[in-house]
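*Asks:* File follows, structure20.csv with CSV, C-alpha atoms:
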```csv
chain,number,residue,atom,x,y,z
A,695,SER,CA,-5.6,3.9,-15.7
A,696,TRP,CA,-4.3,0.8,-14.1
A,697,GLU,CA,-6.6,-1.6,-16.0
A,698,ILE,CA,-5.6,-4.3,-13.5
A,699,ASN,CA,-7.4,-7.2,-15.1
A,700,LYS,CA,-6.5,-6.4,-18.7
A,701,ARG,CA,-2.8,-5.6,-18.4
A,702,THR,CA,-0.4,-8.4,-19.1
A,703,ILE,CA,3.2,-8.8,-18.1
A,704,HIS,CA,5.4,-10.6,-20.6
A,705,ASP,CA,8.4,-12.9,-19.9
A,706,VAL,CA,7.5,-13.3,-16.2
A,707,HIS,CA,9.4,-16.6,-15.9
A,708,PRO,CA,12.8,-17.6,-17.4
A,709,GLU,CA,11.0,-19.8,-20.0
A,710,GLY,CA,8.8,-16.9,-21.1
A,711,GLY,CA,5.1,-16.5,-20.7
A,712,VAL,CA,2.4,-14.0,-20.0
A,713,MET,CA,0.6,-13.2,-16.8
A,714,SER,CA,-2.0,-10.6,-15.9
A,715,LEU,CA,-1.1,-8.0,-13.2
A,716,SER,CA,-4.0,-9.2,-11.2
A,717,HIS,CA,-2.7,-12.8,-11.2
A,718,ALA,CA,0.8,-11.6,-10.3
A,719,LEU,CA,-0.7,-9.9,-7.2
A,720,GLN,CA,-2.8,-13.0,-6.4
A,721,ILE,CA,0.1,-15.4,-6.4
A,722,SER,CA,2.6,-12.8,-5.0
A,723,SER,CA,4.9,-13.0,-8.0
A,724,ASN,CA,7.8,-10.7,-7.2
A,725,VAL,CA,9.0,-11.0,-10.8
A,726,GLY,CA,5.6,-10.1,-12.2
A,727,ILE,CA,5.2,-7.1,-9.8
A,728,ALA,CA,8.7,-5.9,-10.6
A,729,LYS,CA,8.1,-6.1,-14.3
A,730,ALA,CA,4.8,-4.2,-14.0
A,731,ALA,CA,6.5,-1.5,-11.9
A,732,GLN,CA,9.1,-0.9,-14.6
A,733,VAL,CA,6.6,1.3,-16.5
A,734,LEU,CA,6.7,3.9,-13.7
A,735,THR,CA,9.4,6.5,-13.4
A,736,ASP,CA,11.2,6.8,-10.1
A,737,THR,CA,9.4,10.1,-9.4
A,738,ILE,CA,5.9,8.7,-10.1
A,739,GLN,CA,6.6,5.6,-8.0
A,740,TYR,CA,7.8,7.7,-5.1
A,741,GLU,CA,4.9,10.2,-5.3
A,742,ASN,CA,2.4,7.4,-5.4
A,743,LEU,CA,3.9,5.9,-2.3
A,744,ARG,CA,3.9,9.3,-0.5
A,745,ASP,CA,0.3,9.9,-1.7
A,746,PHE,CA,-0.8,6.8,0.2
A,747,GLY,CA,0.9,8.2,3.3
A,748,PHE,CA,4.1,6.3,3.5
A,749,GLY,CA,7.2,8.0,4.8
A,750,VAL,CA,5.3,10.8,6.5
A,751,ALA,CA,3.8,11.2,10.0
A,752,THR,CA,0.0,11.0,10.1
A,753,GLY,CA,-0.4,13.9,12.5
A,754,ILE,CA,-2.4,12.0,15.1
A,755,ARG,CA,-2.2,13.4,18.6
A,756,LEU,CA,-0.2,10.5,20.1
A,757,PRO,CA,3.4,10.9,21.3
A,758,GLY,CA,6.2,9.0,19.6
A,759,GLU,CA,4.5,8.4,16.2
A,760,GLY,CA,7.0,7.0,13.7
A,761,ARG,CA,7.2,8.2,10.0
A,762,GLY,CA,8.4,4.9,8.6
A,763,MET,CA,11.0,5.1,6.0
A,764,LEU,CA,10.7,6.0,2.3
A,765,ARG,CA,13.8,7.5,0.8
A,766,HIS,CA,13.7,10.1,-1.9
A,767,PRO,CA,14.6,8.9,-5.4
A,768,LYS,CA,17.9,10.8,-5.3
A,769,GLU,CA,19.0,8.3,-2.6
A,770,TRP,CA,17.9,5.2,-4.5
A,771,GLY,CA,20.2,2.6,-5.8
A,772,ILE,CA,19.9,0.8,-9.1
A,773,GLN,CA,17.5,-1.9,-7.7
A,774,SER,CA,15.4,0.5,-5.5
A,775,ALA,CA,12.4,0.9,-7.8
A,776,VAL,CA,12.1,-2.9,-8.1
A,777,SER,CA,12.7,-3.4,-4.4
A,778,LEU,CA,10.0,-0.9,-3.5
A,779,ALA,CA,7.5,-2.5,-5.9
A,780,ILE,CA,7.8,-5.8,-3.9
A,781,GLY,CA,7.8,-4.1,-0.5
A,782,TYR,CA,11.5,-3.8,0.3
A,783,GLU,CA,13.5,-0.6,1.0
A,784,ILE,CA,10.5,0.8,2.8
A,785,SER,CA,9.2,0.6,6.3
A,786,VAL,CA,5.7,1.6,7.3
A,787,THR,CA,3.8,1.8,10.6
A,788,PRO,CA,0.7,-0.3,11.2
A,789,LEU,CA,-1.3,3.0,11.2
A,790,GLN,CA,0.1,4.0,7.8
A,791,MET,CA,-0.8,0.5,6.4
A,792,ALA,CA,-4.3,0.8,7.8
A,793,MET,CA,-4.7,4.2,6.2
A,794,ALA,CA,-3.5,3.0,2.8
A,795,TYR,CA,-5.9,0.0,2.8
A,796,GLY,CA,-8.6,2.4,4.1
A,797,ALA,CA,-8.0,4.6,1.0
A,798,LEU,CA,-8.7,1.6,-1.2
A,799,ALA,CA,-11.8,0.8,0.8
A,800,ASN,CA,-13.0,4.4,0.7
A,801,GLY,CA,-13.0,4.9,-3.0
A,802,GLY,CA,-9.5,6.3,-3.2
A,803,LYS,CA,-9.8,8.9,-0.4
A,804,LEU,CA,-7.0,8.9,2.2
A,805,TYR,CA,-8.4,9.9,5.6
A,806,LYS,CA,-6.5,11.3,8.5
A,807,PRO,CA,-6.7,8.7,11.2
A,808,ARG,CA,-8.8,9.2,14.3
A,809,ILE,CA,-8.0,7.3,17.5
A,810,VAL,CA,-11.1,8.6,19.2
A,811,LYS,CA,-14.4,9.9,17.9
A,812,GLU,CA,-14.9,12.4,20.7
A,813,VAL,CA,-13.5,13.5,24.0
A,814,ARG,CA,-15.7,14.3,27.0
A,815,ASP,CA,-14.4,16.2,30.0
A,816,ALA,CA,-15.6,15.9,33.6
A,817,GLN,CA,-18.1,18.8,33.1
A,818,GLY,CA,-19.7,17.0,30.1
A,819,LYS,CA,-18.2,19.2,27.5
A,820,ILE,CA,-17.7,17.2,24.2
A,821,GLU,CA,-14.9,17.8,21.7
A,822,LYS,CA,-15.7,15.9,18.5
A,823,VAL,CA,-12.9,14.7,16.4
A,824,PRO,CA,-14.3,14.9,12.8
A,825,SER,CA,-13.1,12.6,10.0
A,826,ARG,CA,-11.1,14.5,7.5
A,827,VAL,CA,-10.0,13.6,3.9
A,828,VAL,CA,-6.3,14.3,3.4
A,829,ARG,CA,-6.4,13.8,-0.4
A,830,ARG,CA,-7.7,11.6,-3.1
A,831,VAL,CA,-5.0,9.0,-3.8
A,832,VAL,CA,-6.6,7.1,-6.8
A,833,SER,CA,-10.0,7.1,-8.6
A,834,PRO,CA,-13.0,5.1,-7.5
A,835,THR,CA,-12.6,3.0,-10.7
A,836,VAL,CA,-9.1,2.0,-9.7
A,837,THR,CA,-10.0,1.2,-6.2
A,838,LYS,CA,-12.8,-1.1,-7.4
A,839,GLU,CA,-10.4,-2.9,-9.7
A,840,ILE,CA,-7.8,-3.3,-7.0
A,841,SER,CA,-10.3,-4.4,-4.4
A,842,GLU,CA,-11.5,-7.1,-6.7
A,843,VAL,CA,-8.0,-8.3,-7.2
A,844,LEU,CA,-7.3,-8.2,-3.4
A,845,VAL,CA,-10.5,-10.3,-2.8
A,846,GLY,CA,-9.0,-12.7,-5.3
A,847,VAL,CA,-5.8,-12.9,-3.3
A,848,ILE,CA,-7.9,-14.2,-0.4
A,849,GLU,CA,-10.2,-16.4,-2.4
A,850,ASP,CA,-7.8,-17.9,-4.9
A,851,GLY,CA,-4.3,-16.7,-4.1
A,852,THR,CA,-1.7,-16.7,-1.3
A,853,GLY,CA,-4.0,-15.3,1.4
A,854,ARG,CA,-6.6,-18.2,1.5
A,855,ARG,CA,-6.1,-18.7,5.3
A,856,ALA,CA,-7.4,-15.2,5.9
A,857,GLY,CA,-10.8,-15.9,4.2
A,858,LEU,CA,-14.1,-15.8,6.1
A,859,SER,CA,-17.3,-17.6,5.2
A,860,THR,CA,-19.5,-14.7,6.2
A,861,PHE,CA,-18.3,-12.0,3.8
A,862,ALA,CA,-15.6,-11.3,1.2
A,863,VAL,CA,-12.2,-10.2,2.5
A,864,ALA,CA,-9.7,-8.2,0.6
A,865,GLY,CA,-6.0,-8.5,1.5
A,866,LYS,CA,-2.5,-9.1,0.4
A,867,SER,CA,0.0,-11.6,1.7
A,868,GLY,CA,3.6,-10.5,2.3
A,869,THR,CA,7.0,-11.6,3.4
A,870,THR,CA,9.2,-9.5,5.6
A,871,ARG,CA,13.0,-9.5,6.1
A,872,ALA,CA,14.8,-7.3,8.6
A,873,TRP,CA,17.4,-4.7,7.3
A,874,SER,CA,20.5,-4.8,9.4
A,875,ASN,CA,24.0,-3.5,8.9
A,876,GLY,CA,23.5,-2.6,5.3
A,877,SER,CA,21.8,-5.8,4.1
A,878,TYR,CA,18.7,-7.9,4.6
A,879,GLU,CA,18.8,-10.7,7.2
A,880,GLU,CA,17.6,-14.1,6.1
```
Taking this structure as input, can you express it in the form of structure tokens?
*Replies:*
Amino acid sequence: SWEINKRTIHDVHPEGGVMSLSHALQISSNVGIAKAAQVLTDTIQYENLRDFGFGVATGIRLPGEGRGMLRHPKEWGIQSAVSLAIGYEISVTPLQMAMAYGALANGGKLYKPRIVKEVRDAQGKIEKVPSRVVRRVVSPTVTKEISEVLVGVIEDGTGRRAGLSTFAVAGKSGTTRAWSNGSYEE
């Protein structure tokens, strides 16, 4: 179990200190997230990312779909596990990201994406495109805990500008850098 709100991360800052994992996510603490990820083996971290659909094509019927990039642990460097924990050394498509957030919103079930609900031909024949669960990624208990933390990111953390007055929004802020010629561009 993740036990998001109970877990603490020690020595998050150079002067020492303790921070909960939920607070590290809310304030986008790369150090806190990196320390939390150190309890995972490379294999577990990789499998969790793959389970959420990263690094694989979704199988939708659209030409040119990208797979993103998630290297196998055999290809990782010494910093890769930490880099992946904070969103580097991986690339994902917008559809993969939507699927991953959808899994959190759907009680841990990752659904195959649908671009259309049904297709009708000129004669009125209807071909329905059913929704289909690909796999359970995490338990409903974990998704509830993570969703509460992601709402906190918007209400009290780095994502305040994404908040709405009409209903709670769950989200996560992020920073991107482009990978070029073997290193990140500033």
*Asks:* Residues of stretch 754-794 of chain A within 12 Å of stretch 808-825 of chain A: nearest atom pair and distance (Å, one decimal) for each, counting only C-alpha atoms, sorted by chain and number, as JSON lines?
*Replies:*
```
{"residue": "A:Ile754", "atom": "CA", "partner": "A:Arg808", "partner_atom": "CA", "distance": 7.0}
{"residue": "A:Arg755", "atom": "CA", "partner": "A:Ile809", "partner_atom": "CA", "distance": 8.5}
{"residue": "A:Leu756", "atom": "CA", "partner": "A:Ile809", "partner_atom": "CA", "distance": 8.8}
{"residue": "A:Leu789", "atom": "CA", "partner": "A:Ile809", "partner_atom": "CA", "distance": 10.2}
{"residue": "A:Ala792", "atom": "CA", "partner": "A:Arg808", "partner_atom": "CA", "distance": 11.5}
{"residue": "A:Met793", "atom": "CA", "partner": "A:Arg808", "partner_atom": "CA", "distance": 10.4}
```
*Asks:* In Å to one decimal, how far is atom CA of A:Thr737 from atom CA of A:His766?
*Replies:*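 Atom CA of A:Thr737 lies 8.6 Å from atom CA of A:His766.
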*Asks:* Just the residues within 10 Å of stretch 760-764 of chain A, please, counting all atoms listed in the file, with nothing from its chain fewer than 3 positions along; format it as a PyMOL selection string.
*Replies:* chain A and resi 740+743-744+747-753+757+767+769-770+778+783-790
*Asks:* May I have the residues within 7 Å of stretch 866-878 of chain A as a count of residues only, using all atoms listed in the file and disregarding those fewer than 4 positions away in the same chain?
*Replies:* 4
*Asks:* What does the structure give for the distance between atom CA of A:Met713 and atom CA of A:Ala728, in Å to one decimal?
*Replies:*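 Computing it gives 12.5 Å between the two atoms.
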*Asks:* So how far away is atom CA of A:Gly726 from atom CA of A:Ala775, in Å?
*Replies:* 13.7 Å
*Asks:* So that I can check the surroundings of A:Phe861, please list as a list in words every protein, DNA and RNA residue that reaches within 12 Å of it, counting only C-alpha atoms and ignoring chain neighbours fewer than 5 positions away.
*Replies:*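 Near neighbours after the sequence-gap exclusion: Val845, Ile848, Glu849 and Ala856 of chain A.
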*Asks:* Near A:Val843, counting only C-alpha atoms, which residues have an atom at most 10 Å away, once you skip same-chain residues fewer than 4 positions from it, shown as a ChimeraX atom specification?
*Replies:* /A:698-699,715-720,837-839,847-851,864-866
*Asks:* Smallest atom-to-atom distance to A:Ile772: which of A:Val832, A:Ser859, A:Asp736, A:Glu842, using all atoms listed in the file?
*Replies:*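 The answer is A:Asp736, which sits nearest to A:Ile772.
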*Asks:* Could you give me, as number ranges by chain, the residues within 7 Å of A:Val831, counting all atoms listed in the file and dropping anything in the same chain fewer than 6 positions from it?
*Replies:* A: 745-746, 802-804
*Asks:* With N, CA and C atoms as the target, complete stretch 770-792 of chain A and hand it back as an mmCIF file, in the coordinates of the input.
*Replies:*
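Once written, rebuild-v6.cif looks like this:
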```cif
data_model
loop_
_atom_site.group_PDB
_atom_site.id
_atom_site.type_symbol
_atom_site.label_atom_id
_atom_site.label_comp_id
_atom_site.auth_asym_id
_atom_site.auth_seq_id
_atom_site.Cartn_x
_atom_site.Cartn_y
_atom_site.Cartn_z
ATOM 1 N N TRP A 770 18.103 6.592 -4.096
ATOM 2 C CA TRP A 770 17.900 5.200 -4.500
ATOM 3 C C TRP A 770 19.092 4.627 -5.210
ATOM 4 N N GLY A 771 19.225 3.330 -5.083
ATOM 5 C CA GLY A 771 20.200 2.600 -5.800
ATOM 6 C C GLY A 771 19.591 2.050 -7.117
ATOM 7 N N ILE A 772 20.351 1.296 -7.855
ATOM 8 C CA ILE A 772 19.900 0.800 -9.100
ATOM 9 C C ILE A 772 18.700 -0.185 -9.001
ATOM 10 N N GLN A 773 18.600 -0.881 -7.883
ATOM 11 C CA GLN A 773 17.500 -1.900 -7.700
ATOM 12 C C GLN A 773 16.346 -1.288 -6.867
ATOM 13 N N SER A 774 16.424 -0.056 -6.424
ATOM 14 C CA SER A 774 15.400 0.500 -5.500
ATOM 15 C C SER A 774 14.006 0.453 -6.026
ATOM 16 N N ALA A 775 13.789 0.834 -7.275
ATOM 17 C CA ALA A 775 12.400 0.900 -7.800
ATOM 18 C C ALA A 775 11.799 -0.532 -7.787
ATOM 19 N N VAL A 776 12.565 -1.539 -8.163
ATOM 20 C CA VAL A 776 12.100 -2.900 -8.100
ATOM 21 C C VAL A 776 11.872 -3.367 -6.692
ATOM 22 N N SER A 777 12.810 -3.045 -5.826
ATOM 23 C CA SER A 777 12.700 -3.400 -4.400
ATOM 24 C C SER A 777 11.445 -2.823 -3.787
ATOM 25 N N LEU A 778 11.189 -1.556 -4.053
ATOM 26 C CA LEU A 778 10.000 -0.900 -3.500
ATOM 27 C C LEU A 778 8.723 -1.533 -4.021
ATOM 28 N N ALA A 779 8.718 -1.936 -5.281
ATOM 29 C CA ALA A 779 7.500 -2.500 -5.900
ATOM 30 C C ALA A 779 7.115 -3.820 -5.141
ATOM 31 N N ILE A 780 8.089 -4.534 -4.596
ATOM 32 C CA ILE A 780 7.800 -5.800 -3.900
ATOM 33 C C ILE A 780 7.849 -5.627 -2.373
ATOM 34 N N GLY A 781 7.943 -4.383 -1.917
ATOM 35 C CA GLY A 781 7.800 -4.100 -0.500
ATOM 36 C C GLY A 781 9.121 -4.028 0.288
ATOM 37 N N TYR A 782 10.254 -3.963 -0.391
ATOM 38 C CA TYR A 782 11.500 -3.800 0.300
ATOM 39 C C TYR A 782 11.985 -2.347 0.167
ATOM 40 N N GLU A 783 12.988 -1.969 0.936
ATOM 41 C CA GLU A 783 13.500 -0.600 1.000
ATOM 42 C C GLU A 783 12.491 0.409 1.454
ATOM 43 N N ILE A 784 11.523 -0.046 2.200
ATOM 44 C CA ILE A 784 10.500 0.800 2.800
ATOM 45 C C ILE A 784 10.095 0.231 4.110
ATOM 46 N N SER A 785 9.780 1.086 5.054
ATOM 47 C CA SER A 785 9.200 0.600 6.300
ATOM 48 C C SER A 785 7.963 1.480 6.558
ATOM 49 N N VAL A 786 6.898 0.863 7.008
ATOM 50 C CA VAL A 786 5.700 1.600 7.300
ATOM 51 C C VAL A 786 5.163 1.223 8.667
ATOM 52 N N THR A 787 4.434 2.130 9.265
ATOM 53 C CA THR A 787 3.800 1.800 10.600
ATOM 54 C C THR A 787 2.518 1.113 10.343
ATOM 55 N N PRO A 788 2.047 0.389 11.335
ATOM 56 C CA PRO A 788 0.700 -0.300 11.200
ATOM 57 C C PRO A 788 -0.375 0.751 10.871
ATOM 58 N N LEU A 789 -0.290 1.946 11.447
ATOM 59 C CA LEU A 789 -1.300 3.000 11.200
ATOM 60 C C LEU A 789 -1.237 3.438 9.724
ATOM 61 N N GLN A 790 -0.045 3.602 9.185
ATOM 62 C CA GLN A 790 0.100 4.000 7.800
ATOM 63 C C GLN A 790 -0.491 2.899 6.867
ATOM 64 N N MET A 791 -0.241 1.643 7.192
ATOM 65 C CA MET A 791 -0.800 0.500 6.400
ATOM 66 C C MET A 791 -2.295 0.525 6.448
ATOM 67 N N ALA A 792 -2.841 0.747 7.633
ATOM 68 C CA ALA A 792 -4.300 0.800 7.800
ATOM 69 C C ALA A 792 -4.880 1.954 6.973
#
```
